[in-house]
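*Asks:* Would you mind keeping the following structure in view while I ask a few things?
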Amino acid sequence: MLCNALKNHRLPHAILFTGEDGVGKSSAAIELARVCNCRLTGGQEHSKKDAAGEIFACGNCRSCRKIENGVHPDIHSIKPSGGYIRIEQIRSLYASLALKSDAASARFVLIEDAHLMNAEAGNALLKILEEPPDLTFFVLTAPDTRDLLPTIVSRSRHIRFNPIPQKELEDYLVSHRGLTGQQAMIVASISRGSMARALNIADADWINYRNFIVETIGELPGLPAAFRHAFAEMLAADREKLEGIFEIMKNWYRDLAVFPWSPEKIYNQDLIRQIKNRAMQIPPHLLIEKADAVVRAEKALAGNANLRLTLDVLVTKLAQ
Ligand SMILES: [Zn+2]
């Protein structure tokens with residue numbers, strides 16, 4: 001669809017990509033910016049094609065490399081900072097768009113996680129979308145159109161990104177990451193169609209680590225307070241890993257809750273026996289409370305709460 005729009009010189013000035021995290025929305029946006037600005041194959045003529053008739057970027061010219069390295073002066077990227085996209089970010093975008101761009105470039109504004117714009121920022125963006133500067137294209141990404149201001153959705157061309165089929169992910173992990181078939185199956189099933197998620201966890205170590213986390217949170221209720229503190233301290237020591245750990249915990253409690261009704265829908269398919277045992281032991285309302293506690297901890301830390309304190313509160317809740 002994008003290639004056709006390019007061939008006909010009818011690229012919409014605002015495009016909205018929706019879909020789960022890690023299915024390729026941002027990568028596609030960057031590729032689009034590269035194609036439109038490639039000095040060798042594209043530029044504003046958008047006319048060069050490969051044998052299959054697809055439009056492509058060379059990947060080697062100055063423009064392609066600058067975009068890849070995130071230093072192209074006419075590619076503006078806006079991401080949430082501190083959990084939100086704020087009005088100041090849109091104002092400074094407005095100011096830079098008011099400056100003249102390099103005449104040879106198509107300017108791109110990538111707004112990642114546009115659903116995290118607060119209403120003020122959303123309305124400011126809307127004003128820009130209503131009268132977009134020449135040769136400037138906006139690409140917004142979000143999980144779903146329902147997460148955005150309807151006025152922004154109605155001004156954009158919407159393209160939905162589907163999850164990557166499990167079998168495709170598995171094959172990729174085996175051929176490109178050297179996982180065994182069994183490991184690839186586990187990683188692909190946890191990743192739920194997201195390449196980013198799959199690549200994050202694509203190694204045998206991750207599977208061991210997941211096993212360690214789910215065993216530990218399963219045993220927490222019977223363990224002494226000193227152990228719980230040690231566990232919280234261990235989690236706090238490696239902040240980089242926390243996002244992944246929260247994901248493991250949420251998936252685990254979700255699987256325990258889902259198992260009695262639809263065992264075929266659990267994510268941790270390889271742990272079905274443990275899930276069956278545990279699911280009998282914990283009442284459903286407690287599972288929901290624990291999963292909620294994980295989400296609360298995640299949000300608190302996104303908002304700069306005290307790390308150690310937040311994890312202590314979380315581990316205490318998980319130990320109930
Ligand atoms: Zn190029």
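Identifiers for the structure tokens are assigned positionally: chains receive A, B, ... in sequence, residues are indexed from 1 per chain, and ligands are indexed from 1 in the order shown.
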How would you report the residues lying within 6 Å of ligand 1, as a VMD selection string, if you count only C-alpha atoms and all ligand atoms?

*Replies:* chain A and resid 38 to 40 57 to 61 63 to 64

*Asks:* Based on the selection just made, write all heavy atoms of those residues as an mmCIF file, in the first residue's frame.

*Replies:*
data_model
loop_
_atom_site.group_PDB
_atom_site.id
_atom_site.type_symbol
_atom_site.label_atom_id
_atom_site.label_comp_id
_atom_site.auth_asym_id
_atom_site.auth_seq_id
_atom_site.Cartn_x
_atom_site.Cartn_y
_atom_site.Cartn_z
ATOM 1 N N CYS A 38 16.341 8.545 -0.096
ATOM 2 C CA CYS A 38 17.543 7.898 -0.624
ATOM 3 C C CYS A 38 18.068 8.675 -1.829
ATOM 4 O O CYS A 38 17.340 8.969 -2.768
ATOM 5 C CB CYS A 38 17.235 6.456 -1.016
ATOM 6 S SG CYS A 38 18.683 5.626 -1.673
ATOM 7 N N ARG A 39 19.366 9.016 -1.795
ATOM 8 C CA ARG A 39 19.960 9.811 -2.876
ATOM 9 C C ARG A 39 20.126 8.974 -4.138
ATOM 10 O O ARG A 39 20.203 9.500 -5.233
ATOM 11 C CB ARG A 39 21.350 10.317 -2.472
ATOM 12 C CG ARG A 39 21.371 11.098 -1.206
ATOM 13 C CD ARG A 39 20.909 12.513 -1.443
ATOM 14 N NE ARG A 39 20.586 13.119 -0.164
ATOM 15 C CZ ARG A 39 20.156 14.360 -0.015
ATOM 16 N NH1 ARG A 39 19.994 15.109 -1.064
ATOM 17 N NH2 ARG A 39 19.867 14.826 1.163
ATOM 18 N N LEU A 40 20.243 7.678 -3.940
ATOM 19 C CA LEU A 40 20.584 6.830 -5.068
ATOM 20 C C LEU A 40 19.345 6.288 -5.773
ATOM 21 O O LEU A 40 19.242 6.327 -6.988
ATOM 22 C CB LEU A 40 21.426 5.663 -4.552
ATOM 23 C CG LEU A 40 22.436 5.121 -5.536
ATOM 24 C CD1 LEU A 40 23.502 6.163 -5.805
ATOM 25 C CD2 LEU A 40 23.047 3.845 -4.996
ATOM 26 N N ALA A 57 15.283 1.471 -0.558
ATOM 27 C CA ALA A 57 16.343 2.426 -0.251
ATOM 28 C C ALA A 57 17.673 1.708 -0.398
ATOM 29 O O ALA A 57 17.770 0.525 -0.086
ATOM 30 C CB ALA A 57 16.178 2.946 1.171
ATOM 31 N N CYS A 58 18.725 2.429 -0.852
ATOM 32 C CA CYS A 58 19.992 1.750 -1.144
ATOM 33 C C CYS A 58 20.690 1.292 0.136
ATOM 34 O O CYS A 58 21.372 0.285 0.152
ATOM 35 C CB CYS A 58 20.904 2.649 -1.972
ATOM 36 S SG CYS A 58 21.765 3.927 -1.015
ATOM 37 N N GLY A 59 20.529 2.056 1.211
ATOM 38 C CA GLY A 59 21.177 1.674 2.464
ATOM 39 C C GLY A 59 22.609 2.156 2.587
ATOM 40 O O GLY A 59 23.224 2.025 3.636
ATOM 41 N N ASN A 60 23.164 2.731 1.500
ATOM 42 C CA ASN A 60 24.581 3.119 1.515
ATOM 43 C C ASN A 60 24.851 4.602 1.331
ATOM 44 O O ASN A 60 25.911 5.078 1.690
ATOM 45 C CB ASN A 60 25.333 2.376 0.397
ATOM 46 C CG ASN A 60 25.571 0.940 0.771
ATOM 47 O OD1 ASN A 60 25.891 0.641 1.917
ATOM 48 N ND2 ASN A 60 25.371 0.036 -0.183
ATOM 49 N N CYS A 61 23.896 5.318 0.751
ATOM 50 C CA CYS A 61 24.165 6.727 0.470
ATOM 51 C C CYS A 61 24.199 7.522 1.777
ATOM 52 O O CYS A 61 23.843 7.010 2.831
ATOM 53 C CB CYS A 61 23.124 7.292 -0.497
ATOM 54 S SG CYS A 61 21.502 7.471 0.256
ATOM 55 N N SER A 63 22.334 9.913 2.873
ATOM 56 C CA SER A 63 21.024 10.078 3.493
ATOM 57 C C SER A 63 20.596 8.787 4.208
ATOM 58 O O SER A 63 20.162 8.804 5.358
ATOM 59 C CB SER A 63 20.007 10.472 2.422
ATOM 60 O OG SER A 63 18.717 10.340 2.933
ATOM 61 N N CYS A 64 20.732 7.654 3.528
ATOM 62 C CA CYS A 64 20.342 6.372 4.134
ATOM 63 C C CYS A 64 21.112 6.142 5.435
ATOM 64 O O CYS A 64 20.543 5.721 6.440
ATOM 65 C CB CYS A 64 20.620 5.213 3.175
ATOM 66 S SG CYS A 64 19.343 5.021 1.906
#

*Asks:* Quick one: residues within 6 Å of stretch 107-114 of chain A, only C-alpha atoms counted, chain neighbours fewer than 5 positions away excluded, as a ChimeraX atom specification?

*Replies:* /A:74-79,136-142

*Asks:* What would the file look like if the residues just selected were written as an mmCIF file, in the first residue's frame with all heavy atoms?

*Replies:*
data_model
loop_
_atom_site.group_PDB
_atom_site.id
_atom_site.type_symbol
_atom_site.label_atom_id
_atom_site.label_comp_id
_atom_site.auth_asym_id
_atom_site.auth_seq_id
_atom_site.Cartn_x
_atom_site.Cartn_y
_atom_site.Cartn_z
ATOM 1 N N ASP A 74 16.475 16.175 8.885
ATOM 2 C CA ASP A 74 15.057 16.335 8.544
ATOM 3 C C ASP A 74 14.185 15.173 9.010
ATOM 4 O O ASP A 74 13.034 15.047 8.597
ATOM 5 C CB ASP A 74 14.899 16.538 7.029
ATOM 6 C CG ASP A 74 15.347 17.939 6.639
ATOM 7 O OD1 ASP A 74 15.023 18.879 7.403
ATOM 8 O OD2 ASP A 74 16.030 18.082 5.620
ATOM 9 N N ILE A 75 14.732 14.307 9.828
ATOM 10 C CA ILE A 75 13.921 13.242 10.414
ATOM 11 C C ILE A 75 13.772 13.553 11.899
ATOM 12 O O ILE A 75 14.749 13.539 12.649
ATOM 13 C CB ILE A 75 14.583 11.847 10.247
ATOM 14 C CG1 ILE A 75 15.022 11.616 8.799
ATOM 15 C CG2 ILE A 75 13.644 10.748 10.737
ATOM 16 C CD1 ILE A 75 13.920 11.558 7.781
ATOM 17 N N HIS A 76 12.575 13.888 12.296
ATOM 18 C CA HIS A 76 12.330 14.241 13.701
ATOM 19 C C HIS A 76 11.663 13.060 14.387
ATOM 20 O O HIS A 76 10.699 12.511 13.878
ATOM 21 C CB HIS A 76 11.410 15.456 13.789
ATOM 22 C CG HIS A 76 11.928 16.636 13.038
ATOM 23 N ND1 HIS A 76 12.736 17.580 13.621
ATOM 24 C CD2 HIS A 76 11.772 17.003 11.739
ATOM 25 C CE1 HIS A 76 13.049 18.495 12.704
ATOM 26 N NE2 HIS A 76 12.484 18.165 11.563
ATOM 27 N N SER A 77 12.201 12.709 15.529
ATOM 28 C CA SER A 77 11.631 11.566 16.224
ATOM 29 C C SER A 77 11.160 11.996 17.609
ATOM 30 O O SER A 77 11.894 12.643 18.351
ATOM 31 C CB SER A 77 12.709 10.486 16.330
ATOM 32 O OG SER A 77 12.299 9.501 17.222
ATOM 33 N N ILE A 78 9.919 11.679 17.915
ATOM 34 C CA ILE A 78 9.379 12.042 19.224
ATOM 35 C C ILE A 78 8.945 10.779 19.943
ATOM 36 O O ILE A 78 8.207 9.959 19.396
ATOM 37 C CB ILE A 78 8.188 13.008 19.071
ATOM 38 C CG1 ILE A 78 8.694 14.324 18.487
ATOM 39 C CG2 ILE A 78 7.497 13.240 20.406
ATOM 40 C CD1 ILE A 78 7.653 15.396 18.422
ATOM 41 N N LYS A 79 9.456 10.621 21.162
ATOM 42 C CA LYS A 79 9.107 9.454 21.968
ATOM 43 C C LYS A 79 8.666 9.938 23.331
ATOM 44 O O LYS A 79 9.054 11.028 23.751
ATOM 45 C CB LYS A 79 10.322 8.553 22.160
ATOM 46 C CG LYS A 79 10.840 7.938 20.907
ATOM 47 C CD LYS A 79 12.126 7.175 21.169
ATOM 48 C CE LYS A 79 12.662 6.676 19.824
ATOM 49 N NZ LYS A 79 13.927 6.032 19.924
ATOM 50 N N THR A 136 6.282 17.450 4.233
ATOM 51 C CA THR A 136 6.505 16.939 5.575
ATOM 52 C C THR A 136 5.496 15.835 5.833
ATOM 53 O O THR A 136 4.307 16.015 5.579
ATOM 54 C CB THR A 136 6.331 18.068 6.615
ATOM 55 O OG1 THR A 136 7.229 19.117 6.285
ATOM 56 C CG2 THR A 136 6.618 17.564 8.020
ATOM 57 N N PHE A 137 5.995 14.692 6.283
ATOM 58 C CA PHE A 137 5.130 13.540 6.503
ATOM 59 C C PHE A 137 5.183 13.137 7.961
ATOM 60 O O PHE A 137 6.254 13.134 8.570
ATOM 61 C CB PHE A 137 5.557 12.372 5.612
ATOM 62 C CG PHE A 137 5.533 12.724 4.153
ATOM 63 C CD1 PHE A 137 6.677 13.198 3.523
ATOM 64 C CD2 PHE A 137 4.364 12.632 3.422
ATOM 65 C CE1 PHE A 137 6.660 13.555 2.181
ATOM 66 C CE2 PHE A 137 4.323 12.986 2.078
ATOM 67 C CZ PHE A 137 5.480 13.447 1.455
ATOM 68 N N PHE A 138 4.026 12.808 8.499
ATOM 69 C CA PHE A 138 3.938 12.396 9.898
ATOM 70 C C PHE A 138 3.609 10.916 9.965
ATOM 71 O O PHE A 138 2.675 10.464 9.296
ATOM 72 C CB PHE A 138 2.834 13.177 10.623
ATOM 73 C CG PHE A 138 3.124 14.645 10.727
ATOM 74 C CD1 PHE A 138 2.891 15.481 9.651
ATOM 75 C CD2 PHE A 138 3.640 15.179 11.893
ATOM 76 C CE1 PHE A 138 3.165 16.838 9.727
ATOM 77 C CE2 PHE A 138 3.925 16.530 11.987
ATOM 78 C CZ PHE A 138 3.690 17.359 10.908
ATOM 79 N N VAL A 139 4.363 10.161 10.734
ATOM 80 C CA VAL A 139 4.021 8.758 10.971
ATOM 81 C C VAL A 139 3.850 8.566 12.473
ATOM 82 O O VAL A 139 4.771 8.833 13.250
ATOM 83 C CB VAL A 139 5.106 7.794 10.440
ATOM 84 C CG1 VAL A 139 4.650 6.349 10.634
ATOM 85 C CG2 VAL A 139 5.407 8.055 8.972
ATOM 86 N N LEU A 140 2.660 8.162 12.853
ATOM 87 C CA LEU A 140 2.380 7.926 14.269
ATOM 88 C C LEU A 140 2.286 6.426 14.515
ATOM 89 O O LEU A 140 1.782 5.687 13.666
ATOM 90 C CB LEU A 140 1.038 8.565 14.664
ATOM 91 C CG LEU A 140 0.991 10.079 14.828
ATOM 92 C CD1 LEU A 140 1.167 10.783 13.501
ATOM 93 C CD2 LEU A 140 -0.325 10.503 15.480
ATOM 94 N N THR A 141 2.767 5.964 15.669
ATOM 95 C CA THR A 141 2.553 4.562 16.013
ATOM 96 C C THR A 141 1.787 4.474 17.328
ATOM 97 O O THR A 141 1.930 5.329 18.199
ATOM 98 C CB THR A 141 3.872 3.774 16.166
ATOM 99 O OG1 THR A 141 4.532 4.187 17.365
ATOM 100 C CG2 THR A 141 4.802 3.984 14.984
ATOM 101 N N ALA A 142 0.946 3.440 17.425
ATOM 102 C CA ALA A 142 0.145 3.239 18.642
ATOM 103 C C ALA A 142 -0.360 1.798 18.635
ATOM 104 O O ALA A 142 -0.396 1.160 17.579
ATOM 105 C CB ALA A 142 -1.032 4.204 18.673
#

*Asks:* I'd like to know which of A:Leu169, A:Val35, A:Leu6, A:Gly244 is closest to A:Tyr209, using only C-alpha atoms.

*Replies:*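 With only C-alpha atoms as the atom set, the closest residue is A:Gly244.
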
*Asks:* Using only C-alpha atoms, which protein or nucleic acid residues come within 9 Å of stretch 171-175 of chain A? Drop anything in the same chain fewer than 2 positions from it, and give the result as a list in words.

*Replies:* Gln166, Lys167, Glu168, Leu169, Arg177, Gly178, Leu179, Thr180, Gly181, Gln183, Ala184, Met185, Val187, Ala188, Ala198, Leu199 and Ala202 of chain A

*Asks:* So, counting only C-alpha atoms, which residue among A:Glu247, A:Glu240, A:Glu130, A:Glu233 is closest to A:Asp312?

*Replies:*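 Smallest separation from A:Asp312 among the options: A:Glu233.
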
*Asks:* What is the atom CA of A:Lys241-atom CA of A:Arg296 distance in Å, reported with one decimal?

*Replies:*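 Separation between atom CA of A:Lys241 and atom CA of A:Arg296: 17.1 Å.
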
*Asks:* Tell me which protein, DNA and RNA residues are within 8 Å of A:Ser189, counting only C-alpha atoms, leaving out same-chain ones fewer than 6 positions away, and put them as a tab-separated table (two decimals) with N, CA, C and O atoms, in the first residue's frame.

*Replies:*
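Writing done, so here's part-v2.tsv:
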chain	number	residue	atom	x	y	z
A	166	GLN	N	3.29	-17.40	14.63
A	166	GLN	CA	4.23	-18.11	15.51
A	166	GLN	C	5.25	-18.95	14.74
A	166	GLN	O	6.43	-18.96	15.05
A	267	TYR	N	0.58	-18.91	27.52
A	267	TYR	CA	1.79	-18.52	26.80
A	267	TYR	C	2.95	-19.48	27.09
A	267	TYR	O	3.71	-19.84	26.21
A	268	ASN	N	3.12	-19.84	28.38
A	268	ASN	CA	4.26	-20.70	28.75
A	268	ASN	C	3.91	-22.17	28.51
A	268	ASN	O	3.80	-22.96	29.45
A	269	GLN	N	3.73	-22.50	27.23
A	269	GLN	CA	3.25	-23.85	26.89
A	269	GLN	C	4.14	-24.96	27.44
A	269	GLN	O	3.66	-26.03	27.78

*Asks:* I need the residues in stretch 49-163 of chain A that are strand (DSSP E or B) according to DSSP; give them as a list in words.

*Replies:*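 Written out, the strand (DSSP E or B) residues of stretch 49-163 of chain A are Lys49, Ile55, Ile75, His76, Ser77, Ile78, Ser81, Tyr84, Ile85, Arg107, Phe108, Val109, Leu110, Ile111, Met117, Thr136, Phe137, Phe138, Val139, Leu140, Thr141, Ala142, Arg157, His158, Ile159 and Arg160 of chain A.
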
*Asks:* Calculate how many Å separate atom CA of A:Asn251 from atom CA of A:Ala236, rounding to one decimal.

*Replies:*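 Here the two named atoms are 20.1 Å from each other.
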
*Asks:* Find the residues of stretch 178-228 of chain A that sit at most 12 Å from stretch 277-294 of chain A; for each, write down the nearest two atoms and how far apart they are in Å, to one decimal. Count only C-alpha atoms. Sort by chain, then by number going up, and give it as CSV.

*Replies:*
residue,atom,partner,partner_atom,distance
A:Val214,CA,A:Arg278,CA,10.7
A:Glu215,CA,A:Arg278,CA,10.5
A:Ile217,CA,A:Lys290,CA,10.4
A:Gly218,CA,A:Arg278,CA,7.8
A:Glu219,CA,A:Arg278,CA,10.4
A:Pro221,CA,A:Ile282,CA,10.9

*Asks:* Once you have the residues from the selection above, write them out as a PDB file, in the first residue's frame, restricted to C-alpha atoms.

*Replies:*
ATOM      1  CA  VAL A 214       8.508 -18.367  38.122  1.00  0.00           C
ATOM      2  CA  GLU A 215       9.834 -20.944  40.598  1.00  0.00           C
ATOM      3  CA  ILE A 217       7.584 -16.297  42.903  1.00  0.00           C
ATOM      4  CA  GLY A 218       5.757 -19.609  43.315  1.00  0.00           C
ATOM      5  CA  GLU A 219       7.663 -20.375  46.508  1.00  0.00           C
ATOM      6  CA  PRO A 221       4.552 -17.405  50.216  1.00  0.00           C
TER       7      PRO A 221
END

*Asks:* For A:Arg91, please output as a PyMOL selection string all residues within 9 Å (counting only C-alpha atoms; exclusion window: fewer than 5 positions along the same chain).

*Replies:* chain A and resi 86+96+121+124-125

*Asks:* Take the selection from the previous step and output its residues with N, CA, C and O atoms, as a JSON list (two decimals), in the first residue's frame.

*Replies:*
[["chain", "number", "residue", "atom", "x", "y", "z"],
["A", 86, "ARG", "N", 4.83, 15.11, 25.97],
["A", 86, "ARG", "CA", 4.36, 16.35, 26.58],
["A", 86, "ARG", "C", 4.24, 17.49, 25.58],
["A", 86, "ARG", "O", 4.86, 17.46, 24.53],
["A", 96, "SER", "N", 10.85, 23.64, 15.16],
["A", 96, "SER", "CA", 11.83, 23.19, 14.16],
["A", 96, "SER", "C", 11.20, 23.01, 12.79],
["A", 96, "SER", "O", 11.87, 23.17, 11.78],
["A", 121, "ALA", "N", -0.91, 17.93, 24.44],
["A", 121, "ALA", "CA", 0.04, 17.65, 23.36],
["A", 121, "ALA", "C", -0.71, 17.19, 22.12],
["A", 121, "ALA", "O", -0.38, 17.59, 21.00],
["A", 124, "ALA", "N", -2.20, 20.10, 20.35],
["A", 124, "ALA", "CA", -1.16, 20.89, 19.68],
["A", 124, "ALA", "C", -0.73, 20.20, 18.39],
["A", 124, "ALA", "O", -0.55, 20.86, 17.35],
["A", 125, "LEU", "N", -0.61, 18.87, 18.44],
["A", 125, "LEU", "CA", -0.23, 18.14, 17.23],
["A", 125, "LEU", "C", -1.30, 18.28, 16.16],
["A", 125, "LEU", "O", -1.01, 18.45, 14.98]]

*Asks:* Of the candidates A:His158, A:Ala297, A:Gln320, A:Met1, which one gets nearest to A:Arg146 if we count only C-alpha atoms?

*Replies:*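 Smallest separation from A:Arg146 among the options: A:His158.
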
*Asks:* Given only C-alpha atoms as the basis, pick out the residue of A:Leu220, A:Ser26, A:Ile190, A:Leu11 nearest to A:Val315.

*Replies:*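 Ranked by minimum distance to A:Val315, first place goes to A:Leu220.
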